[in-house]
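Asks: Please find one structure pasted underneath; my questions will follow.
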Amino acid sequence: MALSAGLILFVTIVILLLLGIPIGISLMVAGILAITQSLGFSAAIPASALKMFQGINIFTLLAIPFFVLAGNIMSKGGIAVRLIHFATALTGRIPGSLAHTNVVANMLFGSVSGSGTAAASAMGTIIGPIQKKEGYNEDFSAALNVATAPTGLLIPPSTALITYALASGSTSVAALFLGGVIPGILWGLSCMLVVYFYAKKNGYVAKRAISAKEFFRVTFDALPSLLLIVIVIGGIVSGIFTATEASAMAVAYSLLLSMFLYKTITIKELYTILIDSAKLSAIIMFLIGASNILAWVMSFTEIPTLIADTILGISDNPIIILLVINLLLLFVGTFMDLTPAILIFTPILLPVCQALGMTPLHFGIMLTFNLSIGTITPPVGNILFVGIKVAQRKLENVMPHLFRFYAAIFVILMLITYVSWFSTFLPKLAGYF
């Protein structure tokens, strides 16, 4: 039963995607067809509808639309400019400092907004023209912006990690948030290392170091924006509020900054932001509901057990098995968006990795890190195409520069995979183990 159901799922999804059917509908239809052979069509339809509703009728999921809204408010609320100034103050003494500013600013803005596409768009729009004026290679600048924008998918608050917490069933959102900090920072630092050698080779000099007085002024100006990270993570870890309550706090705080302190968003603009956030949230929630049908079908037909036995049969060496899993996920990430990929492959691969001694927390960070790479790879990487569009460059000219960053990021992925400390140190320090 598992083999036939698995074939129906795979073939149906592939055919529907090739026909241009949206991923959410493809998952839903594939799940219904696969379970029909066991329950019959008359029972499969109501059962699938019930599972879809149950998949989104979860209080924790309220955090996703709130964080989406907070990210949209921040991306249009003048917060990006202040974080760029702060990043410039931190990197002014390093060769290629303007490029390093792009990296640090992406890490900061990506974390407070929780959106890689928002980071790529904001930083490409603001820093890109400055880099061009300073004589930086435009294709390299676009590649750098693209490569570092996904750091916000790991550094909390992260909707991707919330999605994994739901898919895994028992992993703490707070533990995942803390677990994503070091891997997200390592992603950014690895790209900064690439920038350093590229800058030395091409003669990109450091900008003039600012005075201590100017540094404190810039820091003070950016402090209200940076405090959002402290409020969200500190509140969750200390137990003051849950992840869902933290997301509502993020919306309230970002509104306070943008409308009353910075005064960069009007009521009319807020209406547009609300509509855009509602549309994006609806897409994500539909994906989660459709993926829950798929997860139920796979569990009912024991597909994860079949796949786990197959993967574990490849080798007795955990190093080889984890490498195979990573290569599989890297391939999946090239044609599937982050959210559905997390929802589909968590129930399939988590049991395999647990059999190898990996904790759900460690696996979640590895999975999210791996699939985040897919957001910057063709043919469907959304961050890749946003970054290229903002920079007004061509894919074929940007890709040669991106390969440098792919190599550096892959090295960090291997570290995250084989050394659990990077994912578990902060959660352990906070008492989650």
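Residues are referred to by chain and number: the chain letter is A, B, ... according to the order shown in the structure tokens, the number counts from 1 in that chain, and ligands are numbered separately from 1 in the order shown.
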List every residue of segment 119-200 of chain A that has an atom at most 8 Å from any atom of segment 87-102 of chain A, giving for each one its closest atom pair and the distance in Å to one decimal, counting only C-alpha atoms, sorted by chain and then by ascending residue number, as JSON lines.
Replies:
{"residue": "A:Met123", "atom": "CA", "partner": "A:Asn102", "partner_atom": "CA", "distance": 6.7}
{"residue": "A:Ile127", "atom": "CA", "partner": "A:Asn102", "partner_atom": "CA", "distance": 6.8}
{"residue": "A:Gln131", "atom": "CA", "partner": "A:Leu98", "partner_atom": "CA", "distance": 6.7}
{"residue": "A:Ser141", "atom": "CA", "partner": "A:Ala99", "partner_atom": "CA", "distance": 7.1}
{"residue": "A:Leu144", "atom": "CA", "partner": "A:Ala99", "partner_atom": "CA", "distance": 7.6}
{"residue": "A:Asn145", "atom": "CA", "partner": "A:Asn102", "partner_atom": "CA", "distance": 6.5}
{"residue": "A:Met192", "atom": "CA", "partner": "A:His100", "partner_atom": "CA", "distance": 6.1}
{"residue": "A:Val195", "atom": "CA", "partner": "A:Ala99", "partner_atom": "CA", "distance": 6.9}
{"residue": "A:Tyr196", "atom": "CA", "partner": "A:Pro95", "partner_atom": "CA", "distance": 6.4}
{"residue": "A:Ala199", "atom": "CA", "partner": "A:Gly96", "partner_atom": "CA", "distance": 5.0}
{"residue": "A:Lys200", "atom": "CA", "partner": "A:Pro95", "partner_atom": "CA", "distance": 6.6}
Asks: Quick one: write out the picked residues with N, CA, C and O atoms as a PDB file, in the first residue's frame?
Replies:
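Result written to selection-v1.pdb:
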ATOM      1  N   MET A 123      17.548  45.918   0.931  1.00  0.00           N
ATOM      2  CA  MET A 123      18.989  46.157   0.857  1.00  0.00           C
ATOM      3  C   MET A 123      19.449  46.382  -0.580  1.00  0.00           C
ATOM      4  O   MET A 123      20.328  47.195  -0.841  1.00  0.00           O
ATOM      5  N   ILE A 127      21.323  49.804  -0.742  1.00  0.00           N
ATOM      6  CA  ILE A 127      22.778  49.669  -0.784  1.00  0.00           C
ATOM      7  C   ILE A 127      23.303  49.467  -2.207  1.00  0.00           C
ATOM      8  O   ILE A 127      24.398  49.920  -2.541  1.00  0.00           O
ATOM      9  N   GLN A 131      26.818  50.932  -3.808  1.00  0.00           N
ATOM     10  CA  GLN A 131      27.927  50.072  -4.218  1.00  0.00           C
ATOM     11  C   GLN A 131      28.327  50.354  -5.669  1.00  0.00           C
ATOM     12  O   GLN A 131      29.519  50.376  -6.006  1.00  0.00           O
ATOM     13  N   SER A 141      27.696  42.428  -6.450  1.00  0.00           N
ATOM     14  CA  SER A 141      26.863  43.047  -5.415  1.00  0.00           C
ATOM     15  C   SER A 141      25.492  42.389  -5.354  1.00  0.00           C
ATOM     16  O   SER A 141      24.955  42.135  -4.268  1.00  0.00           O
ATOM     17  N   LEU A 144      25.877  38.922  -3.802  1.00  0.00           N
ATOM     18  CA  LEU A 144      26.083  39.043  -2.354  1.00  0.00           C
ATOM     19  C   LEU A 144      24.769  39.308  -1.638  1.00  0.00           C
ATOM     20  O   LEU A 144      24.467  38.684  -0.605  1.00  0.00           O
ATOM     21  N   ASN A 145      23.983  40.230  -2.166  1.00  0.00           N
ATOM     22  CA  ASN A 145      22.699  40.559  -1.542  1.00  0.00           C
ATOM     23  C   ASN A 145      21.773  39.346  -1.517  1.00  0.00           C
ATOM     24  O   ASN A 145      21.117  39.065  -0.509  1.00  0.00           O
ATOM     25  N   MET A 192      30.809  36.778   4.498  1.00  0.00           N
ATOM     26  CA  MET A 192      31.730  37.887   4.740  1.00  0.00           C
ATOM     27  C   MET A 192      33.169  37.469   4.444  1.00  0.00           C
ATOM     28  O   MET A 192      33.981  38.281   3.982  1.00  0.00           O
ATOM     29  N   VAL A 195      33.578  37.728   0.780  1.00  0.00           N
ATOM     30  CA  VAL A 195      33.679  39.147   0.436  1.00  0.00           C
ATOM     31  C   VAL A 195      35.081  39.669   0.735  1.00  0.00           C
ATOM     32  O   VAL A 195      35.659  40.434  -0.052  1.00  0.00           O
ATOM     33  N   TYR A 196      35.633  39.265   1.875  1.00  0.00           N
ATOM     34  CA  TYR A 196      36.955  39.765   2.288  1.00  0.00           C
ATOM     35  C   TYR A 196      38.014  39.442   1.235  1.00  0.00           C
ATOM     36  O   TYR A 196      38.781  40.311   0.813  1.00  0.00           O
ATOM     37  N   ALA A 199      37.349  41.314  -1.999  1.00  0.00           N
ATOM     38  CA  ALA A 199      37.685  42.730  -1.861  1.00  0.00           C
ATOM     39  C   ALA A 199      39.196  42.941  -1.920  1.00  0.00           C
ATOM     40  O   ALA A 199      39.677  43.899  -2.542  1.00  0.00           O
ATOM     41  N   LYS A 200      39.953  42.061  -1.266  1.00  0.00           N
ATOM     42  CA  LYS A 200      41.414  42.184  -1.294  1.00  0.00           C
ATOM     43  C   LYS A 200      41.936  42.006  -2.721  1.00  0.00           C
ATOM     44  O   LYS A 200      42.844  42.733  -3.162  1.00  0.00           O
TER      45      LYS A 200
END
Asks: At most 12 Å is the cut-off: for each residue in segment 49-117 of chain A with any atom that close to an atom of segment 333-340 of chain A, write down the nearest atom pair and the distance in Å rounded to one decimal, counting only C-alpha atoms, chain first then increasing number, as CSV.
Replies:
residue,atom,partner,partner_atom,distance
A:Ile64,CA,A:Thr339,CA,11.4
A:Ser115,CA,A:Leu338,CA,11.9
A:Gly116,CA,A:Leu338,CA,11.3
Asks: Ranking A:Leu255, A:Leu61, A:Ile21, A:Val386 by minimum distance to Ala243 of chain A and counting only C-alpha atoms, which one comes first?
Replies: A:Leu61
Asks: Might you pull out every residue within 10 Å of Ala174 of chain A, with only C-alpha atoms counted and same-chain residues fewer than 6 positions away left off, and present them as a list in words?
Replies: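 My reading of the contact set: Pro156, Pro157, Leu161, Ile162, Ala165, Val232, Ile233, Gly234, Gly235, Ile236, Val237, Ser238, Gly239, Thr242, Ala243, Pro427, Ala430 and Tyr432 of chain A.
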Asks: Hey, can you spit out that residue selection with C-alpha atoms as an mmCIF file, in the first residue's frame?
Replies:
data_model
loop_
_atom_site.group_PDB
_atom_site.id
_atom_site.type_symbol
_atom_site.label_atom_id
_atom_site.label_comp_id
_atom_site.auth_asym_id
_atom_site.auth_seq_id
_atom_site.Cartn_x
_atom_site.Cartn_y
_atom_site.Cartn_z
ATOM 1 C CA PRO A 156 14.594 34.654 14.933
ATOM 2 C CA PRO A 157 11.794 35.454 14.689
ATOM 3 C CA LEU A 161 11.003 27.526 12.198
ATOM 4 C CA ILE A 162 7.422 27.966 13.435
ATOM 5 C CA ALA A 165 7.631 23.184 14.992
ATOM 6 C CA VAL A 232 10.508 38.816 21.000
ATOM 7 C CA ILE A 233 13.243 36.353 21.955
ATOM 8 C CA GLY A 234 13.634 37.582 25.531
ATOM 9 C CA GLY A 235 9.892 37.422 26.114
ATOM 10 C CA ILE A 236 9.586 33.891 24.765
ATOM 11 C CA VAL A 237 12.644 32.474 26.543
ATOM 12 C CA SER A 238 11.747 34.099 29.878
ATOM 13 C CA GLY A 239 8.200 32.765 29.638
ATOM 14 C CA THR A 242 4.272 32.545 23.961
ATOM 15 C CA ALA A 243 5.516 32.655 20.365
ATOM 16 C CA PRO A 427 18.795 26.064 23.764
ATOM 17 C CA ALA A 430 18.409 28.437 28.239
ATOM 18 C CA TYR A 432 15.476 23.526 26.978
#
Asks: Pull the closest atom pair for each residue of segment 292-397 of chain A that gets at most 9 Å from segment 179-185 of chain A, along with the distance in Å to one decimal, counting only C-alpha atoms, ordering rows by chain and then ascending residue number, as a Markdown table.
Replies:
| residue | atom | partner | partner_atom | distance |
| --- | --- | --- | --- | --- |
| A:Leu361 | CA | A:Gly179 | CA | 7.5 |
| A:His362 | CA | A:Gly179 | CA | 7.9 |
| A:Ile365 | CA | A:Gly180 | CA | 6.2 |
| A:Met366 | CA | A:Pro183 | CA | 9.0 |
| A:Thr368 | CA | A:Gly180 | CA | 9.0 |
| A:Phe369 | CA | A:Pro183 | CA | 7.7 |
Asks: Which is closer to Gly188 of chain A than all the others in A:Ile231, A:Met107, A:Ala160, A:Leu429, using only C-alpha atoms?
Replies: A:Met107
Asks: Within 9 Å of segment 408-412 of chain A, counting only C-alpha atoms, which residues qualify if same-chain residues fewer than 6 places away don't, as an MDAnalysis selection string?
Replies: chainID A and resid 147 183 186:188 190:191 193:194 370 373
Asks: Please, could you write that set of residues out with all heavy atoms as an mmCIF file, in the first residue's frame?
Replies:
data_model
loop_
_atom_site.group_PDB
_atom_site.id
_atom_site.type_symbol
_atom_site.label_atom_id
_atom_site.label_comp_id
_atom_site.auth_asym_id
_atom_site.auth_seq_id
_atom_site.Cartn_x
_atom_site.Cartn_y
_atom_site.Cartn_z
ATOM 1 N N ALA A 147 22.702 36.126 -1.677
ATOM 2 C CA ALA A 147 23.258 35.038 -0.870
ATOM 3 C C ALA A 147 23.049 35.233 0.618
ATOM 4 O O ALA A 147 22.955 34.254 1.375
ATOM 5 C CB ALA A 147 24.749 34.890 -1.167
ATOM 6 N N PRO A 183 23.636 29.192 13.664
ATOM 7 C CA PRO A 183 23.712 28.849 12.231
ATOM 8 C C PRO A 183 23.447 30.042 11.313
ATOM 9 O O PRO A 183 24.118 30.196 10.287
ATOM 10 C CB PRO A 183 22.614 27.784 12.066
ATOM 11 C CG PRO A 183 22.525 27.136 13.409
ATOM 12 C CD PRO A 183 22.729 28.262 14.378
ATOM 13 N N LEU A 186 26.552 32.170 11.352
ATOM 14 C CA LEU A 186 27.626 31.499 10.599
ATOM 15 C C LEU A 186 27.413 31.626 9.099
ATOM 16 O O LEU A 186 28.384 31.778 8.338
ATOM 17 C CB LEU A 186 27.698 30.024 10.994
ATOM 18 C CG LEU A 186 28.277 29.712 12.374
ATOM 19 C CD1 LEU A 186 28.200 28.219 12.666
ATOM 20 C CD2 LEU A 186 29.723 30.187 12.470
ATOM 21 N N TRP A 187 26.153 31.558 8.664
ATOM 22 C CA TRP A 187 25.846 31.770 7.236
ATOM 23 C C TRP A 187 26.369 33.139 6.809
ATOM 24 O O TRP A 187 27.066 33.258 5.787
ATOM 25 C CB TRP A 187 24.334 31.672 7.046
ATOM 26 C CG TRP A 187 23.832 31.833 5.630
ATOM 27 C CD1 TRP A 187 24.251 32.760 4.705
ATOM 28 C CD2 TRP A 187 22.808 31.064 4.976
ATOM 29 N NE1 TRP A 187 23.540 32.614 3.534
ATOM 30 C CE2 TRP A 187 22.660 31.589 3.668
ATOM 31 C CE3 TRP A 187 22.001 30.012 5.379
ATOM 32 C CZ2 TRP A 187 21.720 31.081 2.760
ATOM 33 C CZ3 TRP A 187 21.068 29.500 4.474
ATOM 34 C CH2 TRP A 187 20.937 30.030 3.182
ATOM 35 N N GLY A 188 26.040 34.166 7.583
ATOM 36 C CA GLY A 188 26.480 35.515 7.242
ATOM 37 C C GLY A 188 27.988 35.661 7.293
ATOM 38 O O GLY A 188 28.605 36.279 6.400
ATOM 39 N N SER A 190 30.282 33.359 6.862
ATOM 40 C CA SER A 190 30.930 32.650 5.753
ATOM 41 C C SER A 190 30.902 33.494 4.485
ATOM 42 O O SER A 190 31.871 33.506 3.712
ATOM 43 C CB SER A 190 30.237 31.303 5.510
ATOM 44 O OG SER A 190 28.929 31.477 4.992
ATOM 45 N N CYS A 191 29.800 34.218 4.278
ATOM 46 C CA CYS A 191 29.707 35.109 3.109
ATOM 47 C C CYS A 191 30.640 36.308 3.264
ATOM 48 O O CYS A 191 31.215 36.790 2.278
ATOM 49 C CB CYS A 191 28.268 35.573 2.924
ATOM 50 S SG CYS A 191 27.133 34.253 2.423
ATOM 51 N N LEU A 193 33.481 36.194 4.695
ATOM 52 C CA LEU A 193 34.822 35.694 4.385
ATOM 53 C C LEU A 193 35.059 35.710 2.874
ATOM 54 O O LEU A 193 36.139 36.097 2.405
ATOM 55 C CB LEU A 193 34.977 34.276 4.938
ATOM 56 C CG LEU A 193 36.386 33.680 4.904
ATOM 57 C CD1 LEU A 193 37.334 34.492 5.779
ATOM 58 C CD2 LEU A 193 36.354 32.225 5.386
ATOM 59 N N VAL A 194 34.041 35.309 2.105
ATOM 60 C CA VAL A 194 34.130 35.375 0.644
ATOM 61 C C VAL A 194 34.339 36.822 0.201
ATOM 62 O O VAL A 194 35.184 37.110 -0.662
ATOM 63 C CB VAL A 194 32.865 34.789 -0.007
ATOM 64 C CG1 VAL A 194 32.899 34.992 -1.524
ATOM 65 C CG2 VAL A 194 32.726 33.309 0.314
ATOM 66 N N ASN A 370 19.129 23.956 5.176
ATOM 67 C CA ASN A 370 19.289 23.345 3.853
ATOM 68 C C ASN A 370 18.268 23.898 2.861
ATOM 69 O O ASN A 370 18.631 24.352 1.763
ATOM 70 C CB ASN A 370 19.136 21.826 3.986
ATOM 71 C CG ASN A 370 19.501 21.079 2.717
ATOM 72 O OD1 ASN A 370 19.011 21.397 1.646
ATOM 73 N ND2 ASN A 370 20.346 20.074 2.837
ATOM 74 N N ILE A 373 18.619 27.392 1.409
ATOM 75 C CA ILE A 373 19.523 27.538 0.259
ATOM 76 C C ILE A 373 18.720 27.502 -1.033
ATOM 77 O O ILE A 373 19.052 28.166 -2.017
ATOM 78 C CB ILE A 373 20.593 26.429 0.277
ATOM 79 C CG1 ILE A 373 21.458 26.547 1.532
ATOM 80 C CG2 ILE A 373 21.480 26.508 -0.973
ATOM 81 C CD1 ILE A 373 22.458 25.411 1.712
#
Asks: Between A:Pro304, A:Gly71, A:Gly374, A:Gly364, which one has atoms that come closest to Val352 of chain A, using only C-alpha atoms?
Replies: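 Answer, going by the shortest atom-to-atom distance: A:Pro304.
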Asks: Need the shell around segment 320-331 of chain A: protein/DNA/RNA residues with any atom at most 9 Å away, counting only C-alpha atoms. Skip same-chain ones fewer than 4 positions apart. Format as a PyMOL selection string?
Replies: chain A and resi 311-312+314-316+335+341+345+349+353+356+366-367+370-371+373-374+413-414+417-418
Asks: Excluding segment 28-43 of chain A and any residue of its chain fewer than 6 positions from it, enumerate the residues within 9 Å of it, using only C-alpha atoms, and give them as a ChimeraX atom specification.
Replies: /A:1,4-13,16,52,287,289-298,300-301
Asks: From the DSSP assignment of the backbone, select every residue of segment 248-297 of chain A that is alpha helix (DSSP H), and format the answer as a VMD selection string.
Replies: chain A and resid 248 to 255 267 to 297
Asks: Applying 7 Å and only C-alpha atoms, which residues near segment 264-279 of chain A remain after dropping the ones on its own chain fewer than 6 positions away? List them as a PyMOL selection string.
Replies: chain A and resi 68-69+72-73+77-78+258
